[in-house]
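For reference, the structure is listed below as structure tokens.
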Amino acid sequence: MPQRGGGAREAAKPQDRGWAWMVLLAAVLLQALTLGFPACIGVFFTDLQHEFQASNSETSWFPSIMVAVLHGGGPLCSILVKRFGCRFAVMLGGLLSGVGMVSSSFCGSISQLYLTAGLITGLGSCFSFQAGVTVLGYYFVRWRTLANATASTGVSLGFTLWPLLSRYLLDEMGWRNTFLIFGGILLNCCVCGAIMRPVELAPGTPLQSPRSAEERRAEGAQLSNGASSPHHKLQQQTRRTACVQTLQKYLAFDIFCQNKGYQIYTIGVTWMMMGFALPHVYLVPYAIHNGVEERRAALLISIIGLINIFIRPLTGLLSGHRIFTGRRIYLFSLAALLCGLSNFICVISAEFSVLIVYCVILSIAMSGIGALTFQVLMDVVEMDRFSSALGLFTILESITLLIGPPLTGLLVDVTNDFHYVFYNSSFFLISAALFMGLSFCALEKKNKLKEASKVPLNNPSKYHYNKTPAEPQCESPSPPAVVYITSI
């Protein structure tokens, strides 16, 4: 039973203290369980190929679907959180993830894995991850930046531990029993969700209400107006208006058409993702194909995760320095360029020592991309529309994440040469880096010329690359629209 008096006053302000730190610990574990999980799929790549007699392209659809749904299910998760709250979304995600992996252990074909481990587990991981990030905005105000940065270490922790555990269980029990155990492990997302109890600003006033009173009144007014309207066309127009407003809320097509900075960045990152995920999927099979022992091949992914634990926070701190204000897009482009160039190391040699050097350089570049992806997005989009811009951004990103590995796998099947994995990855990463860097440079010069000639702009935010990102309102009762944590 809740205490009254002083206890009620303490429950009214749970932010930044007490139970908030337990929620943060749960969020770290969620990042490790969800975003870190796809890193281990490459360990099972060869075994799944032999089990189902599948090609590289057919096998790569399994992790591609999982990662694409994990990234692209954000708008659906937002609707779920809005209606039922963060705790429900996290626990539902944990249940779906566990059921998906348990079902995968009984699959008789690779296509069944697409549905179970790919779609169901991917969607469950998306729900748990997105809602777990959102709840931090409820529990932290003063230490919100620190909380998000700390939670992001769970991604690197998962990258480090999942491949090692996968290799051990695969050797001892086979892939079916391993997937069964993974289903039980992922059910721990439900435990994390149980910890994330709704926050109350005052006794009886939950912060995580499914829908606000204003929204319910607006919905009721809309329904009553539609019911009392004598014209059917007016009802249809009202529905169309509601659909357009919903699309603008979760998918910012208007921003994409009007904001040149957002347009360039979204196209660049979407193109980049065609090649970004390829090393994660094919590095372990490539190493095994070239004679590296299976245990040592699985260690390569863990090395990437271990270095990420230390480099990603440092990259975030460095990019926050005033010197880089307004120039973070160039840091991001540089990181993408380094990531693309590093792939040529694998083309030169496939010896284990050389692959370790590759993993170190790749991890440093990945840390820059992961730390800056959403920070740059905040720089080019106004904060009041960030949630909408993020929805369209992640959906377009998920499309290329979905088709990139299978198309490259098809090329490997045709040529029987794994080097094309790294050629493709380098092509997409380097071309995207040059496109974004040169385009923003040209856009910045164009804006300077307009300012110099004193040509008035009707809406400068549509064309100007903001050098000072807006800060979220700490006193707002709703969580920030910004998602700082990413699997990238």
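Letters A, B, ... mark the chains of the structure tokens in the order given; residue numbers begin at 1 per chain; ligand numbers begin at 1, in order shown.
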Helix (DSSP H, G or I) residues, from DSSP on the backbone, in segment 321-362 of chain A, as a CSV table (one decimal) with all heavy atoms, in the first residue's frame:
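Dumped everything to states12.csv:
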chain,number,residue,atom,x,y,z
A,322,ARG,N,32.1,22.5,-28.4
A,322,ARG,CA,31.7,23.7,-29.1
A,322,ARG,C,32.3,23.8,-30.5
A,322,ARG,O,31.8,24.4,-31.4
A,322,ARG,CB,31.9,25.0,-28.3
A,322,ARG,CG,33.3,25.3,-28.1
A,322,ARG,CD,33.5,26.6,-27.3
A,322,ARG,NE,32.9,26.5,-26.0
A,322,ARG,CZ,32.9,27.5,-25.1
A,322,ARG,NH1,33.4,28.7,-25.4
A,322,ARG,NH2,32.4,27.3,-23.9
A,323,ILE,N,33.5,23.3,-30.6
A,323,ILE,CA,34.2,23.4,-31.9
A,323,ILE,C,33.5,22.7,-33.0
A,323,ILE,O,33.5,23.1,-34.2
A,323,ILE,CB,35.6,22.7,-31.8
A,323,ILE,CG1,36.5,23.5,-30.8
A,323,ILE,CG2,36.3,22.7,-33.1
A,323,ILE,CD1,37.9,22.9,-30.5
A,324,PHE,N,32.7,21.6,-32.7
A,324,PHE,CA,32.0,20.9,-33.7
A,324,PHE,C,30.5,21.3,-33.8
A,324,PHE,O,29.8,20.6,-34.5
A,324,PHE,CB,32.1,19.4,-33.3
A,324,PHE,CG,33.5,18.8,-33.3
A,324,PHE,CD1,34.2,18.5,-32.1
A,324,PHE,CD2,34.2,18.7,-34.5
A,324,PHE,CE1,35.5,18.1,-32.1
A,324,PHE,CE2,35.5,18.2,-34.5
A,324,PHE,CZ,36.1,17.9,-33.3
A,328,ARG,N,28.8,18.7,-37.1
A,328,ARG,CA,28.8,17.2,-36.7
A,328,ARG,C,28.5,16.4,-38.0
A,328,ARG,O,28.8,15.2,-38.0
A,328,ARG,CB,27.7,17.0,-35.7
A,328,ARG,CG,28.2,17.2,-34.3
A,328,ARG,CD,27.1,17.0,-33.2
A,328,ARG,NE,26.2,18.1,-33.1
A,328,ARG,CZ,26.3,19.0,-32.2
A,328,ARG,NH1,27.3,19.0,-31.3
A,328,ARG,NH2,25.4,20.0,-32.1
A,329,ILE,N,27.8,16.9,-39.0
A,329,ILE,CA,27.5,16.2,-40.2
A,329,ILE,C,28.8,15.8,-40.9
A,329,ILE,O,28.9,14.7,-41.5
A,329,ILE,CB,26.6,17.0,-41.1
A,329,ILE,CG1,26.4,16.2,-42.4
A,329,ILE,CG2,27.2,18.4,-41.5
A,329,ILE,CD1,25.7,14.9,-42.2
A,330,TYR,N,29.8,16.7,-40.8
A,330,TYR,CA,31.1,16.3,-41.4
A,330,TYR,C,31.9,15.3,-40.6
A,330,TYR,O,32.6,14.4,-41.2
A,330,TYR,CB,32.0,17.6,-41.5
A,330,TYR,CG,31.3,18.7,-42.3
A,330,TYR,CD1,30.9,19.9,-41.7
A,330,TYR,CD2,31.0,18.5,-43.7
A,330,TYR,CE1,30.2,20.9,-42.4
A,330,TYR,CE2,30.4,19.5,-44.4
A,330,TYR,CZ,30.0,20.7,-43.8
A,330,TYR,OH,29.3,21.7,-44.5
A,331,LEU,N,31.7,15.3,-39.3
A,331,LEU,CA,32.3,14.2,-38.5
A,331,LEU,C,31.6,12.9,-38.8
A,331,LEU,O,32.2,11.8,-38.9
A,331,LEU,CB,32.1,14.5,-37.0
A,331,LEU,CG,33.0,15.5,-36.3
A,331,LEU,CD1,32.7,15.6,-34.9
A,331,LEU,CD2,34.5,15.0,-36.5
A,332,PHE,N,30.3,12.9,-39.0
A,332,PHE,CA,29.5,11.7,-39.4
A,332,PHE,C,30.0,11.2,-40.7
A,332,PHE,O,30.2,10.0,-40.9
A,332,PHE,CB,28.0,12.0,-39.4
A,332,PHE,CG,27.2,10.9,-39.7
A,332,PHE,CD1,26.7,10.0,-38.8
A,332,PHE,CD2,26.7,10.6,-41.1
A,332,PHE,CE1,25.9,8.9,-39.1
A,332,PHE,CE2,25.9,9.6,-41.4
A,332,PHE,CZ,25.5,8.7,-40.4
A,333,SER,N,30.1,12.1,-41.7
A,333,SER,CA,30.6,11.7,-43.0
A,333,SER,C,32.0,11.1,-43.0
A,333,SER,O,32.3,10.1,-43.7
A,333,SER,CB,30.6,12.9,-44.0
A,333,SER,OG,29.3,13.4,-44.1
A,334,LEU,N,32.9,11.7,-42.1
A,334,LEU,CA,34.2,11.2,-42.0
A,334,LEU,C,34.2,9.8,-41.4
A,334,LEU,O,35.0,8.9,-41.8
A,334,LEU,CB,35.0,12.1,-41.1
A,334,LEU,CG,36.5,11.7,-40.9
A,334,LEU,CD1,37.3,11.8,-42.2
A,334,LEU,CD2,37.2,12.7,-39.9
A,335,ALA,N,33.3,9.5,-40.4
A,335,ALA,CA,33.2,8.2,-39.8
A,335,ALA,C,32.7,7.2,-40.9
A,335,ALA,O,33.2,6.0,-40.9
A,335,ALA,CB,32.3,8.2,-38.6
A,336,ALA,N,31.7,7.6,-41.7
A,336,ALA,CA,31.2,6.7,-42.7
A,336,ALA,C,32.3,6.4,-43.8
A,336,ALA,O,32.5,5.2,-44.2
A,336,ALA,CB,30.0,7.3,-43.4
A,337,LEU,N,33.1,7.4,-44.1
A,337,LEU,CA,34.2,7.2,-45.0
A,337,LEU,C,35.3,6.2,-44.5
A,337,LEU,O,35.7,5.3,-45.2
A,337,LEU,CB,34.9,8.6,-45.4
A,337,LEU,CG,36.0,8.6,-46.4
A,337,LEU,CD1,35.5,8.1,-47.7
A,337,LEU,CD2,36.6,10.0,-46.4
A,338,LEU,N,35.6,6.4,-43.2
A,338,LEU,CA,36.6,5.5,-42.6
A,338,LEU,C,36.0,4.1,-42.5
A,338,LEU,O,36.8,3.1,-42.8
A,338,LEU,CB,36.9,6.0,-41.2
A,338,LEU,CG,37.9,5.1,-40.4
A,338,LEU,CD1,39.2,5.0,-41.0
A,338,LEU,CD2,38.0,5.7,-38.9
A,339,CYS,N,34.8,3.9,-42.3
A,339,CYS,CA,34.1,2.6,-42.2
A,339,CYS,C,34.2,2.0,-43.6
A,339,CYS,O,34.5,0.8,-43.7
A,339,CYS,CB,32.7,2.8,-41.8
A,339,CYS,SG,31.9,1.3,-41.3
A,340,GLY,N,34.0,2.7,-44.6
A,340,GLY,CA,34.1,2.2,-46.0
A,340,GLY,C,35.5,1.8,-46.4
A,340,GLY,O,35.7,0.7,-47.0
A,341,LEU,N,36.4,2.6,-46.1
A,341,LEU,CA,37.8,2.4,-46.4
A,341,LEU,C,38.4,1.2,-45.7
A,341,LEU,O,39.2,0.4,-46.2
A,341,LEU,CB,38.7,3.6,-46.2
A,341,LEU,CG,38.4,4.8,-47.1
A,341,LEU,CD1,39.2,6.0,-46.6
A,341,LEU,CD2,38.7,4.5,-48.5
A,342,SER,N,37.9,1.0,-44.4
A,342,SER,CA,38.4,-0.1,-43.6
A,342,SER,C,38.1,-1.5,-44.2
A,342,SER,O,38.8,-2.5,-44.0
A,342,SER,CB,37.9,-0.1,-42.2
A,342,SER,OG,36.5,-0.3,-42.2
A,344,PHE,N,38.6,-2.5,-47.1
A,344,PHE,CA,39.6,-3.0,-48.0
A,344,PHE,C,40.7,-3.8,-47.3
A,344,PHE,O,41.4,-4.6,-48.0
A,344,PHE,CB,40.2,-1.8,-48.8
A,344,PHE,CG,39.3,-1.2,-49.8
A,344,PHE,CD1,38.8,0.1,-49.5
A,344,PHE,CD2,39.0,-1.8,-50.9
A,344,PHE,CE1,37.9,0.7,-50.4
A,344,PHE,CE2,38.1,-1.2,-51.8
A,344,PHE,CZ,37.6,0.0,-51.6
A,345,ILE,N,40.7,-3.7,-46.0
A,345,ILE,CA,41.7,-4.5,-45.2
A,345,ILE,C,41.3,-6.0,-45.4
A,345,ILE,O,42.2,-6.9,-45.5
A,345,ILE,CB,41.7,-4.1,-43.7
A,345,ILE,CG1,42.1,-2.7,-43.6
A,345,ILE,CG2,42.5,-5.1,-42.9
A,345,ILE,CD1,42.0,-2.1,-42.2
A,346,CYS,N,40.1,-6.3,-45.4
A,346,CYS,CA,39.6,-7.7,-45.5
A,346,CYS,C,39.9,-8.3,-46.9
A,346,CYS,O,40.2,-9.5,-47.1
A,346,CYS,CB,38.1,-7.9,-45.2
A,346,CYS,SG,37.7,-7.7,-43.5
A,347,VAL,N,39.9,-7.4,-47.9
A,347,VAL,CA,40.2,-7.8,-49.3
A,347,VAL,C,41.7,-8.2,-49.4
A,347,VAL,O,42.1,-9.1,-50.1
A,347,VAL,CB,39.8,-6.7,-50.2
A,347,VAL,CG1,40.2,-7.1,-51.7
A,347,VAL,CG2,38.4,-6.4,-50.2
A,348,ILE,N,42.5,-7.4,-48.6
A,348,ILE,CA,44.0,-7.7,-48.7
A,348,ILE,C,44.4,-9.0,-48.1
A,348,ILE,O,45.1,-9.8,-48.7
A,348,ILE,CB,44.7,-6.5,-48.0
A,348,ILE,CG1,44.5,-5.2,-48.7
A,348,ILE,CG2,46.2,-6.8,-47.9
A,348,ILE,CD1,45.1,-4.0,-48.0
A,352,PHE,N,43.8,-14.1,-39.3
A,352,PHE,CA,43.1,-13.7,-38.1
A,352,PHE,C,43.7,-12.4,-37.6
A,352,PHE,O,42.9,-11.5,-37.1
A,352,PHE,CB,43.2,-14.8,-37.1
A,352,PHE,CG,42.5,-14.5,-35.8
A,352,PHE,CD1,41.1,-14.5,-35.8
A,352,PHE,CD2,43.1,-14.3,-34.6
A,352,PHE,CE1,40.4,-14.2,-34.6
A,352,PHE,CE2,42.5,-14.0,-33.5
A,352,PHE,CZ,41.1,-14.0,-33.5
A,353,SER,N,45.0,-12.3,-37.6
A,353,SER,CA,45.6,-11.1,-37.1
A,353,SER,C,45.2,-9.8,-37.9
A,353,SER,O,45.0,-8.7,-37.3
A,353,SER,CB,47.1,-11.2,-37.1
A,353,SER,OG,47.6,-11.5,-38.4
A,354,VAL,N,45.1,-10.0,-39.2
A,354,VAL,CA,44.7,-8.9,-40.0
A,354,VAL,C,43.2,-8.5,-39.8
A,354,VAL,O,42.8,-7.4,-39.7
A,354,VAL,CB,44.9,-9.2,-41.5
A,354,VAL,CG1,44.4,-8.1,-42.4
A,354,VAL,CG2,46.4,-9.5,-41.8
A,355,LEU,N,42.4,-9.6,-39.6
A,355,LEU,CA,41.0,-9.3,-39.3
A,355,LEU,C,40.8,-8.6,-37.9
A,355,LEU,O,39.8,-7.9,-37.8
A,355,LEU,CB,40.2,-10.7,-39.3
A,355,LEU,CG,40.1,-11.4,-40.7
A,355,LEU,CD1,39.4,-12.7,-40.5
A,355,LEU,CD2,39.4,-10.5,-41.7
A,356,ILE,N,41.7,-8.9,-37.0
A,356,ILE,CA,41.6,-8.1,-35.7
A,356,ILE,C,41.8,-6.7,-35.9
A,356,ILE,O,41.1,-5.8,-35.4
A,356,ILE,CB,42.6,-8.7,-34.7
A,356,ILE,CG1,42.1,-10.1,-34.2
A,356,ILE,CG2,42.7,-7.8,-33.5
A,356,ILE,CD1,43.1,-10.8,-33.3
A,357,VAL,N,42.8,-6.3,-36.7
A,357,VAL,CA,43.1,-4.9,-37.1
A,357,VAL,C,41.9,-4.3,-37.7
A,357,VAL,O,41.5,-3.2,-37.4
A,357,VAL,CB,44.4,-4.8,-38.0
A,357,VAL,CG1,44.6,-3.4,-38.4
A,357,VAL,CG2,45.6,-5.3,-37.2
A,358,TYR,N,41.3,-5.1,-38.6
A,358,TYR,CA,40.1,-4.6,-39.3
A,358,TYR,C,39.0,-4.3,-38.3
A,358,TYR,O,38.3,-3.3,-38.4
A,358,TYR,CB,39.6,-5.6,-40.4
A,358,TYR,CG,38.2,-5.4,-40.9
A,358,TYR,CD1,37.9,-4.4,-41.7
A,358,TYR,CD2,37.2,-6.3,-40.5
A,358,TYR,CE1,36.6,-4.2,-42.2
A,358,TYR,CE2,35.9,-6.1,-41.0
A,358,TYR,CZ,35.6,-5.0,-41.8
A,358,TYR,OH,34.3,-4.9,-42.2
A,359,CYS,N,38.8,-5.2,-37.4
A,359,CYS,CA,37.7,-5.0,-36.4
A,359,CYS,C,37.9,-3.8,-35.5
A,359,CYS,O,37.0,-3.1,-35.2
A,359,CYS,CB,37.6,-6.3,-35.5
A,359,CYS,SG,36.9,-7.7,-36.4
A,360,VAL,N,39.2,-3.5,-35.2
A,360,VAL,CA,39.5,-2.4,-34.4
A,360,VAL,C,39.2,-1.1,-35.1
A,360,VAL,O,38.5,-0.2,-34.6
A,360,VAL,CB,41.0,-2.4,-34.0
A,360,VAL,CG1,41.4,-1.0,-33.3
A,360,VAL,CG2,41.3,-3.5,-33.0
A,361,ILE,N,39.6,-1.0,-36.4
A,361,ILE,CA,39.3,0.2,-37.1
A,361,ILE,C,37.8,0.4,-37.4
A,361,ILE,O,37.2,1.5,-37.3
A,361,ILE,CB,40.1,0.2,-38.5
A,361,ILE,CG1,41.6,0.2,-38.2
A,361,ILE,CG2,39.8,1.4,-39.3
A,361,ILE,CD1,42.5,0.0,-39.4
A,362,LEU,N,37.2,-0.8,-37.8
A,362,LEU,CA,35.8,-0.7,-38.1
A,362,LEU,C,35.0,-0.3,-36.8
A,362,LEU,O,34.0,0.5,-36.9
A,362,LEU,CB,35.3,-2.1,-38.5
A,362,LEU,CG,33.8,-2.3,-38.8
A,362,LEU,CD1,33.4,-1.4,-40.0
A,362,LEU,CD2,33.4,-3.7,-39.0
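Coordinates place atom CA of Leu70 of chain A at a distance of 23.2 Å from atom CA of Thr46 of chain A.
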Item to complete: Name all residues at most 10 Å from Glu51 of chain A (count only C-alpha atoms; drop same-chain ones fewer than 2 positions away) and give them as a ChimeraX atom specification.
Response: /A:46-49,53-54,108-110,175
Next, the residues of the selection above should be written as an mmCIF file, in the first residue's frame with C-alpha atoms.
data_model
loop_
_atom_site.group_PDB
_atom_site.id
_atom_site.type_symbol
_atom_site.label_atom_id
_atom_site.label_comp_id
_atom_site.auth_asym_id
_atom_site.auth_seq_id
_atom_site.Cartn_x
_atom_site.Cartn_y
_atom_site.Cartn_z
ATOM 1 C CA THR A 46 27.122 -21.565 -41.763
ATOM 2 C CA ASP A 47 25.154 -24.055 -39.650
ATOM 3 C CA LEU A 48 21.830 -22.756 -40.948
ATOM 4 C CA GLN A 49 23.112 -22.993 -44.503
ATOM 5 C CA GLN A 53 20.712 -26.382 -47.826
ATOM 6 C CA ALA A 54 20.230 -22.653 -48.355
ATOM 7 C CA GLY A 108 11.781 -27.031 -40.598
ATOM 8 C CA SER A 109 12.750 -24.566 -43.335
ATOM 9 C CA ILE A 110 14.614 -21.305 -43.718
ATOM 10 C CA TRP A 175 21.591 -24.359 -33.014
#
Using only C-alpha atoms, which protein or nucleic acid residues come within 12 Å of Leu318 of chain A? Drop anything in the same chain fewer than 3 positions from it, and give the result as a JSON list (two decimals) with C-alpha atoms, in the first residue's frame.
[["chain", "number", "residue", "atom", "x", "y", "z"],
["A", 311, "ILE", "CA", 34.99, 4.51, -27.90],
["A", 312, "ARG", "CA", 31.31, 5.38, -28.32],
["A", 313, "PRO", "CA", 31.02, 7.52, -25.13],
["A", 314, "LEU", "CA", 34.29, 9.29, -26.00],
["A", 315, "THR", "CA", 32.98, 10.03, -29.48],
["A", 321, "HIS", "CA", 32.42, 20.19, -27.94],
["A", 322, "ARG", "CA", 31.65, 23.71, -29.11],
["A", 323, "ILE", "CA", 34.24, 23.37, -31.90],
["A", 324, "PHE", "CA", 32.02, 20.86, -33.66],
["A", 325, "THR", "CA", 28.77, 22.80, -33.26],
["A", 327, "ARG", "CA", 29.93, 20.58, -38.08],
["A", 328, "ARG", "CA", 28.75, 17.22, -36.74],
["A", 331, "LEU", "CA", 32.27, 14.17, -38.49],
["A", 367, "SER", "CA", 31.28, 4.27, -32.79],
["A", 368, "GLY", "CA", 31.31, 7.60, -34.62],
["A", 371, "ALA", "CA", 27.07, 8.31, -31.56],
["A", 372, "LEU", "CA", 26.26, 10.91, -34.23]]
Worksheet entry | Given only C-alpha atoms as the counted atoms, nearest of A:Lys448, A:Leu33, A:Ser55, A:Cys126 to Val412 of chain A |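 The closest residue to Val412 of chain A is A:Ser55.
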Worksheet item: Leaving out segment 435-443 of chain A and any residue of its chain fewer than 2 positions from it, which residues lie within 6 Å of it when counting only C-alpha atoms, given as a count of residues only?
Response: 7
Worksheet entry | Neighbour list for segment 189-196 of chain A as a PyMOL selection string, cut-off 6 Å, only C-alpha atoms, skip fewer than 3 positions in-chain | chain A and resi 23+26+87+90-91+94+186
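The residue that comes closest to Ser60 of chain A, out of A:His280, A:Arg295, A:His419, A:Lys450 and on the basis of only C-alpha atoms, is A:His280.
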Discussion item. At a cut-off of 9 Å, using only C-alpha atoms, what residues contact Met66 of chain A? Leave out same-chain residues fewer than 3 positions from it and give the result as a list of chain:residue names.
Written reply: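 The filter keeps A:Pro38, A:Trp61, A:Phe62, A:Pro63, A:Val69, A:Leu70, A:His71, A:Tyr114, A:Ala117, A:Gly118, A:Leu119, A:Ile120, A:Thr121, A:Gly122, A:Leu123, A:Ser125, A:Leu402.
From atom CA of Ile255 of chain A back to atom CA of Val381 of chain A, the distance works out to 8.2 Å.
Going from atom CA of Val281 of chain A over to atom CA of Gly98 of chain A, you cover 21.9 Å.
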Practice prompt. Identify, with DSSP run on backbone atoms, the residues in segment 31-221 of chain A assigned to strand (DSSP E), and express the list as a list in words.
Written response: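 Taking segment 31-221 of chain A and keeping strand (DSSP E) gives Glu200, Leu201, Ala202, Thr205 and Pro206 of chain A.
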